[in-house]
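Next up, final-v2.cif (mmCIF, C-alpha atoms):
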data_input
loop_
_atom_site.group_PDB
_atom_site.id
_atom_site.type_symbol
_atom_site.label_atom_id
_atom_site.label_comp_id
_atom_site.auth_asym_id
_atom_site.auth_seq_id
_atom_site.Cartn_x
_atom_site.Cartn_y
_atom_site.Cartn_z
ATOM 1 C CA MET A 171 63.595 -67.973 -79.936
ATOM 2 C CA ALA A 172 66.995 -69.025 -78.649
ATOM 3 C CA SER A 173 67.974 -72.635 -78.092
ATOM 4 C CA VAL A 174 70.891 -74.013 -76.093
ATOM 5 C CA VAL A 175 72.730 -74.708 -79.347
ATOM 6 C CA SER A 176 72.058 -71.211 -80.734
ATOM 7 C CA ILE A 177 73.284 -69.624 -77.494
ATOM 8 C CA CYS A 178 76.431 -71.757 -77.669
ATOM 9 C CA ASN A 179 76.884 -71.049 -81.384
ATOM 10 C CA ARG A 180 76.747 -67.308 -80.732
ATOM 11 C CA ALA A 181 79.552 -67.775 -78.185
ATOM 12 C CA LEU A 182 81.568 -69.867 -80.634
ATOM 13 C CA ALA A 183 81.042 -67.347 -83.465
ATOM 14 C CA ILE A 184 82.231 -64.503 -81.232
ATOM 15 C CA LEU A 185 85.380 -66.537 -80.580
ATOM 16 C CA GLY A 186 85.857 -67.282 -84.269
ATOM 17 C CA ALA A 187 85.449 -71.007 -83.604
ATOM 18 C CA LYS A 188 83.515 -73.670 -85.507
ATOM 19 C CA THR A 189 79.800 -73.754 -84.758
ATOM 20 C CA ILE A 190 78.005 -76.956 -83.773
ATOM 21 C CA VAL A 191 74.803 -78.791 -84.634
ATOM 22 C CA SER A 192 74.437 -80.444 -81.231
ATOM 23 C CA LEU A 193 76.173 -80.455 -77.861
ATOM 24 C CA ASP A 194 76.791 -84.141 -78.550
ATOM 25 C CA ASP A 195 78.868 -83.460 -81.693
ATOM 26 C CA SER A 196 82.328 -84.994 -81.694
ATOM 27 C CA LEU A 197 83.957 -81.561 -82.143
ATOM 28 C CA VAL A 198 86.087 -80.054 -79.372
ATOM 29 C CA GLU A 199 83.836 -76.974 -79.497
ATOM 30 C CA ALA A 200 80.766 -79.089 -78.658
ATOM 31 C CA GLU A 201 82.588 -80.861 -75.835
ATOM 32 C CA VAL A 202 83.680 -77.540 -74.314
ATOM 33 C CA MET A 203 80.195 -76.012 -74.602
ATOM 34 C CA LYS A 204 78.571 -79.114 -73.135
ATOM 35 C CA ALA A 205 80.969 -78.922 -70.184
ATOM 36 C CA ILE A 206 80.331 -75.234 -69.424
ATOM 37 C CA TYR A 207 76.805 -74.332 -70.561
ATOM 38 C CA ASP A 208 74.780 -75.342 -67.475
ATOM 39 C CA ASP A 209 77.090 -73.597 -65.011
ATOM 40 C CA ALA A 210 77.368 -70.511 -67.241
ATOM 41 C CA ARG A 211 73.553 -70.292 -67.499
ATOM 42 C CA ASP A 212 73.097 -70.706 -63.751
ATOM 43 C CA SER A 213 75.771 -68.090 -63.016
ATOM 44 C CA VAL A 214 74.129 -65.519 -65.285
ATOM 45 C CA LEU A 215 70.675 -66.208 -63.847
ATOM 46 C CA ARG A 216 71.979 -65.970 -60.278
ATOM 47 C CA GLU A 217 73.923 -62.755 -60.905
ATOM 48 C CA ALA A 218 71.556 -60.944 -63.313
ATOM 49 C CA LYS A 219 68.301 -62.035 -61.662
ATOM 50 C CA PRO A 220 66.262 -61.666 -64.870
ATOM 51 C CA VAL A 221 62.486 -61.556 -64.446
ATOM 52 C CA CYS A 222 62.118 -64.867 -66.315
ATOM 53 C CA ALA A 223 63.965 -66.573 -63.443
ATOM 54 C CA ILE A 224 62.115 -65.004 -60.478
ATOM 55 C CA PHE A 225 59.783 -67.331 -58.602
ATOM 56 C CA ARG A 226 57.813 -67.380 -55.350
ATOM 57 C CA ALA A 227 57.221 -70.285 -53.001
ATOM 58 C CA THR A 228 55.913 -71.076 -49.553
ATOM 59 C CA LEU A 229 58.411 -73.453 -48.020
ATOM 60 C CA ALA A 230 57.862 -76.602 -46.012
ATOM 61 C CA LYS A 231 59.000 -76.352 -42.413
ATOM 62 C CA LEU A 232 61.436 -79.105 -41.482
ATOM 63 C CA SER A 233 60.706 -81.121 -38.333
ATOM 64 C CA GLU A 234 64.228 -80.738 -36.943
ATOM 65 C CA ALA A 235 65.129 -77.297 -35.583
ATOM 66 C CA PRO A 236 68.582 -75.809 -36.202
ATOM 67 C CA SER A 237 71.199 -76.543 -33.516
ATOM 68 C CA PHE A 238 71.294 -72.925 -32.321
ATOM 69 C CA GLU A 239 70.486 -69.281 -33.117
ATOM 70 C CA PHE A 240 67.211 -69.881 -35.010
ATOM 71 C CA ALA A 241 63.990 -71.697 -34.076
ATOM 72 C CA ASN A 242 63.013 -73.059 -37.504
ATOM 73 C CA GLN A 243 64.425 -74.244 -40.808
ATOM 74 C CA TYR A 244 62.813 -74.586 -44.225
ATOM 75 C CA GLN A 245 63.887 -76.573 -47.281
ATOM 76 C CA LEU A 246 64.701 -74.484 -50.378
ATOM 77 C CA PRO A 247 62.746 -75.311 -53.569
ATOM 78 C CA VAL A 248 64.039 -77.892 -56.033
ATOM 79 C CA SER A 249 61.494 -77.251 -58.800
ATOM 80 C CA PRO A 250 62.618 -74.904 -60.086
ATOM 81 C CA TYR A 251 65.909 -75.352 -58.287
ATOM 82 C CA CYS A 252 66.677 -72.344 -56.074
ATOM 83 C CA LEU A 253 69.870 -70.569 -57.184
ATOM 84 C CA ALA A 254 69.541 -67.586 -54.803
ATOM 85 C CA VAL A 255 67.057 -66.290 -52.238
ATOM 86 C CA LEU A 256 66.062 -62.682 -52.930
ATOM 87 C CA LYS A 257 63.863 -62.073 -49.895
ATOM 88 C CA THR A 258 61.480 -63.656 -47.434
ATOM 89 C CA LYS A 259 57.993 -62.336 -46.758
ATOM 90 C CA GLU A 260 58.009 -62.872 -43.011
ATOM 91 C CA SER A 261 61.392 -61.673 -41.786
ATOM 92 C CA ASP A 262 64.660 -60.076 -42.842
ATOM 93 C CA ASP A 263 66.385 -62.073 -40.097
ATOM 94 C CA TYR A 264 67.384 -65.326 -41.803
ATOM 95 C CA ILE A 265 70.386 -67.125 -43.230
ATOM 96 C CA VAL A 266 70.780 -69.748 -45.931
ATOM 97 C CA GLU A 267 72.808 -72.837 -45.050
ATOM 98 C CA ASP A 268 72.979 -76.251 -46.690
ATOM 99 C CA ARG A 269 69.993 -75.558 -49.013
ATOM 100 C CA LYS A 270 67.851 -74.473 -46.055
ATOM 101 C CA ILE A 271 66.593 -71.143 -44.718
ATOM 102 C CA LEU A 272 67.110 -70.738 -40.990
ATOM 103 C CA THR A 273 64.831 -68.214 -39.281
ATOM 104 C CA ASP A 274 62.680 -67.636 -36.225
ATOM 105 C CA ALA A 275 59.592 -67.084 -38.387
ATOM 106 C CA GLY A 276 56.782 -69.633 -37.998
ATOM 107 C CA THR A 277 56.173 -69.707 -41.763
ATOM 108 C CA CYS A 278 58.446 -68.913 -44.682
ATOM 109 C CA SER A 279 57.502 -67.601 -48.117
ATOM 110 C CA ILE A 280 60.303 -66.520 -50.413
ATOM 111 C CA GLN A 281 61.038 -64.791 -53.666
ATOM 112 C CA TYR A 282 63.978 -66.471 -55.358
ATOM 113 C CA VAL A 283 66.033 -66.918 -58.502
ATOM 114 C CA GLY A 284 65.348 -70.345 -59.952
ATOM 115 C CA ARG A 285 67.073 -72.451 -62.568
ATOM 116 C CA VAL A 286 65.394 -72.008 -65.960
ATOM 117 C CA ILE A 287 66.000 -74.790 -68.471
ATOM 118 C CA ASP A 288 63.569 -73.551 -71.147
ATOM 119 C CA THR A 289 65.599 -71.096 -73.246
ATOM 120 C CA GLY A 290 62.354 -69.952 -74.900
ATOM 121 C CA VAL A 291 61.570 -67.750 -71.896
ATOM 122 C CA PHE A 292 64.891 -65.862 -72.057
ATOM 123 C CA ASP A 293 64.723 -62.363 -73.458
ATOM 124 C CA ALA A 294 67.389 -61.254 -75.912
ATOM 125 C CA ALA A 295 69.550 -59.652 -73.207
ATOM 126 C CA THR A 296 69.570 -62.800 -71.062
ATOM 127 C CA SER A 297 70.413 -65.046 -74.050
ATOM 128 C CA TYR A 298 73.210 -62.673 -75.034
ATOM 129 C CA ALA A 299 74.603 -62.566 -71.478
ATOM 130 C CA ILE A 300 74.658 -66.378 -71.343
ATOM 131 C CA SER A 301 76.380 -66.492 -74.750
ATOM 132 C CA MET A 302 78.990 -64.011 -73.596
ATOM 133 C CA ARG A 303 79.558 -65.971 -70.374
ATOM 134 C CA CYS A 304 80.015 -69.148 -72.448
ATOM 135 C CA ALA A 305 82.433 -67.309 -74.749
ATOM 136 C CA ALA A 306 84.450 -66.083 -71.763
ATOM 137 C CA GLU A 307 84.582 -69.500 -70.119
ATOM 138 C CA ALA A 308 85.451 -71.292 -73.381
ATOM 139 C CA SER A 309 87.860 -68.721 -74.774
ATOM 140 C CA TYR A 310 91.118 -70.020 -73.356
ATOM 141 C CA ALA A 311 90.248 -73.672 -73.930
ATOM 142 C CA LEU A 312 89.516 -72.974 -77.594
ATOM 143 C CA SER A 313 92.134 -70.315 -78.379
ATOM 144 C CA GLN A 314 94.938 -70.468 -75.778
ATOM 145 C CA ASN A 315 94.953 -66.669 -76.123
ATOM 146 C CA ARG A 316 95.073 -64.849 -72.775
ATOM 147 C CA ALA A 317 94.337 -61.423 -74.284
ATOM 148 C CA LEU A 318 91.206 -62.767 -75.998
ATOM 149 C CA THR A 319 90.141 -64.413 -72.752
ATOM 150 C CA GLN A 320 90.501 -61.137 -70.838
ATOM 151 C CA ASP A 321 88.500 -59.317 -73.525
ATOM 152 C CA MET A 322 85.759 -61.972 -73.383
ATOM 153 C CA TRP A 323 85.457 -61.680 -69.599
ATOM 154 C CA ALA A 324 85.136 -57.889 -69.901
ATOM 155 C CA LEU A 325 82.434 -58.277 -72.560
ATOM 156 C CA ALA A 326 80.648 -60.905 -70.446
ATOM 157 C CA GLU A 327 80.593 -58.543 -67.446
ATOM 158 C CA ASP A 328 79.221 -55.754 -69.652
ATOM 159 C CA ALA A 329 76.475 -58.035 -71.006
ATOM 160 C CA LEU A 330 75.586 -59.084 -67.466
ATOM 161 C CA MET A 331 75.240 -55.460 -66.346
ATOM 162 C CA LYS A 332 73.021 -54.655 -69.344
ATOM 163 C CA THR A 333 70.789 -57.610 -68.489
ATOM 164 C CA GLN A 334 70.553 -56.461 -64.867
ATOM 165 C CA ASN A 335 69.618 -52.940 -65.986
ATOM 166 C CA ALA A 336 66.989 -54.123 -68.478
ATOM 167 C CA ASP A 337 65.339 -56.395 -65.933
ATOM 168 C CA ALA A 338 65.462 -53.788 -63.166
ATOM 169 C CA MET A 339 63.174 -51.589 -65.276
ATOM 170 C CA GLU A 340 60.581 -54.376 -65.509
ATOM 171 C CA ARG A 341 60.607 -55.207 -61.807
ATOM 172 C CA GLY A 342 59.421 -51.855 -60.508
ATOM 173 C CA SER A 343 60.716 -50.392 -57.305
ATOM 174 C CA ASP A 344 60.356 -51.178 -53.646
ATOM 175 C CA PRO A 345 58.143 -48.763 -51.704
ATOM 176 C CA ILE A 346 59.968 -46.026 -49.847
ATOM 177 C CA THR A 347 59.742 -46.474 -46.102
ATOM 178 C CA VAL A 348 59.595 -43.360 -43.975
ATOM 179 C CA THR A 349 62.082 -43.524 -41.131
ATOM 180 C CA SER A 350 62.816 -41.142 -38.303
ATOM 181 C CA PHE A 351 65.902 -40.010 -40.233
ATOM 182 C CA SER A 352 63.951 -39.194 -43.400
ATOM 183 C CA SER A 353 61.222 -37.478 -41.319
ATOM 184 C CA ALA A 354 63.854 -35.350 -39.618
ATOM 185 C CA ARG A 355 65.204 -34.244 -42.981
ATOM 186 C CA ALA A 356 61.772 -33.058 -44.178
#
Any chance you could give the structure as structure tokens?
Amino acid sequence: MASVVSICNRALAILGAKTIVSLDDSLVEAEVMKAIYDDARDSVLREAKPVCAIFRATLAKLSEAPSFEFANQYQLPVSPYCLAVLKTKESDDYIVEDRKILTDAGTCSIQYVGRVIDTGVFDAATSYAISMRCAAEASYALSQNRALTQDMWALAEDALMKTQNADAMERGSDPITVTSFSSARA
């Protein structure tokens, strides 16, 4: 089971840097990892959308309506904190503004990517993608080597794509909707 420190240590080892015992160590490596870890984790979760970070919620309707265009607004979840809305149950006609969903729907249930703090729920691909993102973000600060930094960003993107592919297999597929176009082709 991965921990925050083990995820960071993997990133540091890939960079050839000193590993740490804690994010509160007095080493430069610990200071850099402490500064970047949370944002790197959230970025990977938001972009990869791993199944461990997918949640559902029925949102509370806010009393004040939006100024124009939509009839209702709903507050996005804070526990777990909503990083990205994947879809709403009621309508495809919505927008997200200022941590709120604006829509004409009278109720609002969503599927969303949430912030996951517990590293124990990450699968190996997600932990690796977060490590690679940390390595990419820390690479220049720890090495001052632009070529290494470019290589780390390429490896981080590759790890992210592998995580997306692995999780896509677990999610299943959306049902195919028959449209007049697909009927005409039959």
query = What's the 12 Å shell around region 277-282 of chain A, counting all atoms listed in the file, without same-chain residues fewer than 5 positions away, as a PyMOL selection string?
reply = chain A and resi 215-217+219-232+241-264+266+270-272
Run the PyMOL selection byres ((chain A and resi 327-337) around 6) mentally over the shown coordinates, then write out the matched residues as a tab-separated table (two decimals) with C-alpha atoms, in the frame of the given file, using the chain letters and numbers from the document.
chain	number	residue	atom	x	y	z
A	218	ALA	CA	71.56	-60.94	-63.31
A	220	PRO	CA	66.26	-61.67	-64.87
A	295	ALA	CA	69.55	-59.65	-73.21
A	296	THR	CA	69.57	-62.80	-71.06
A	299	ALA	CA	74.60	-62.57	-71.48
A	324	ALA	CA	85.14	-57.89	-69.90
A	325	LEU	CA	82.43	-58.28	-72.56
A	326	ALA	CA	80.65	-60.90	-70.45
A	338	ALA	CA	65.46	-53.79	-63.17
A	339	MET	CA	63.17	-51.59	-65.28
A	340	GLU	CA	60.58	-54.38	-65.51
*Identify, on the basis of all atoms listed in the file, every residue whose closest approach to region 311-322 of chain A does not exceed 12 Å; exclude the query and any residue fewer than 6 positions from it along the same chain; express the result as a ChimeraX atom specification.*
/A:181-188,197-203,205-206,299,301-305,328-329
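Note that the spacing between CA of Ser173 (chain A) and CA of Thr189 (chain A) amounts to 13.6 Å.
For the choices A:Trp323, A:Phe292, A:Phe238, A:Tyr207, the atom-to-atom distance to Ser309 (chain A) is smallest for A:Trp323 when using all atoms listed in the file.
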CA of Val286 (chain A) to CA of Ile190 (chain A) measures 22.4 Å
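Residue nearest Val175 (chain A), chosen from A:Ala235, A:Ala275, A:Ala294, A:Ile300 and counting all atoms listed in the file: A:Ile300.
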Report, as lines of an AutoDock Vina configuration file, the axis-aligned box around all atoms of region 294-312 of chain A present in the file, extended by 8 Å on each side; give centre and edge lengths in Å to one decimal place.
center_x = 79.3
center_y = -66.7
center_z = -73.9
size_x = 39.7
size_y = 30.0
size_z = 23.5
The distance between CA of Asp268 (chain A) and CA of Val291 (chain A) is 28.9 Å
The residue from A:Ala172, A:Asp274, A:Tyr298, A:Tyr310 with the smallest atom-to-atom distance to Ala210 (chain A), counting all atoms listed in the file, is A:Tyr298
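Shortest atom-to-atom contact with Gly276 (chain A) among A:Phe240, A:Ser297, A:Asp208, A:Gly290: A:Phe240, counting all atoms listed in the file.
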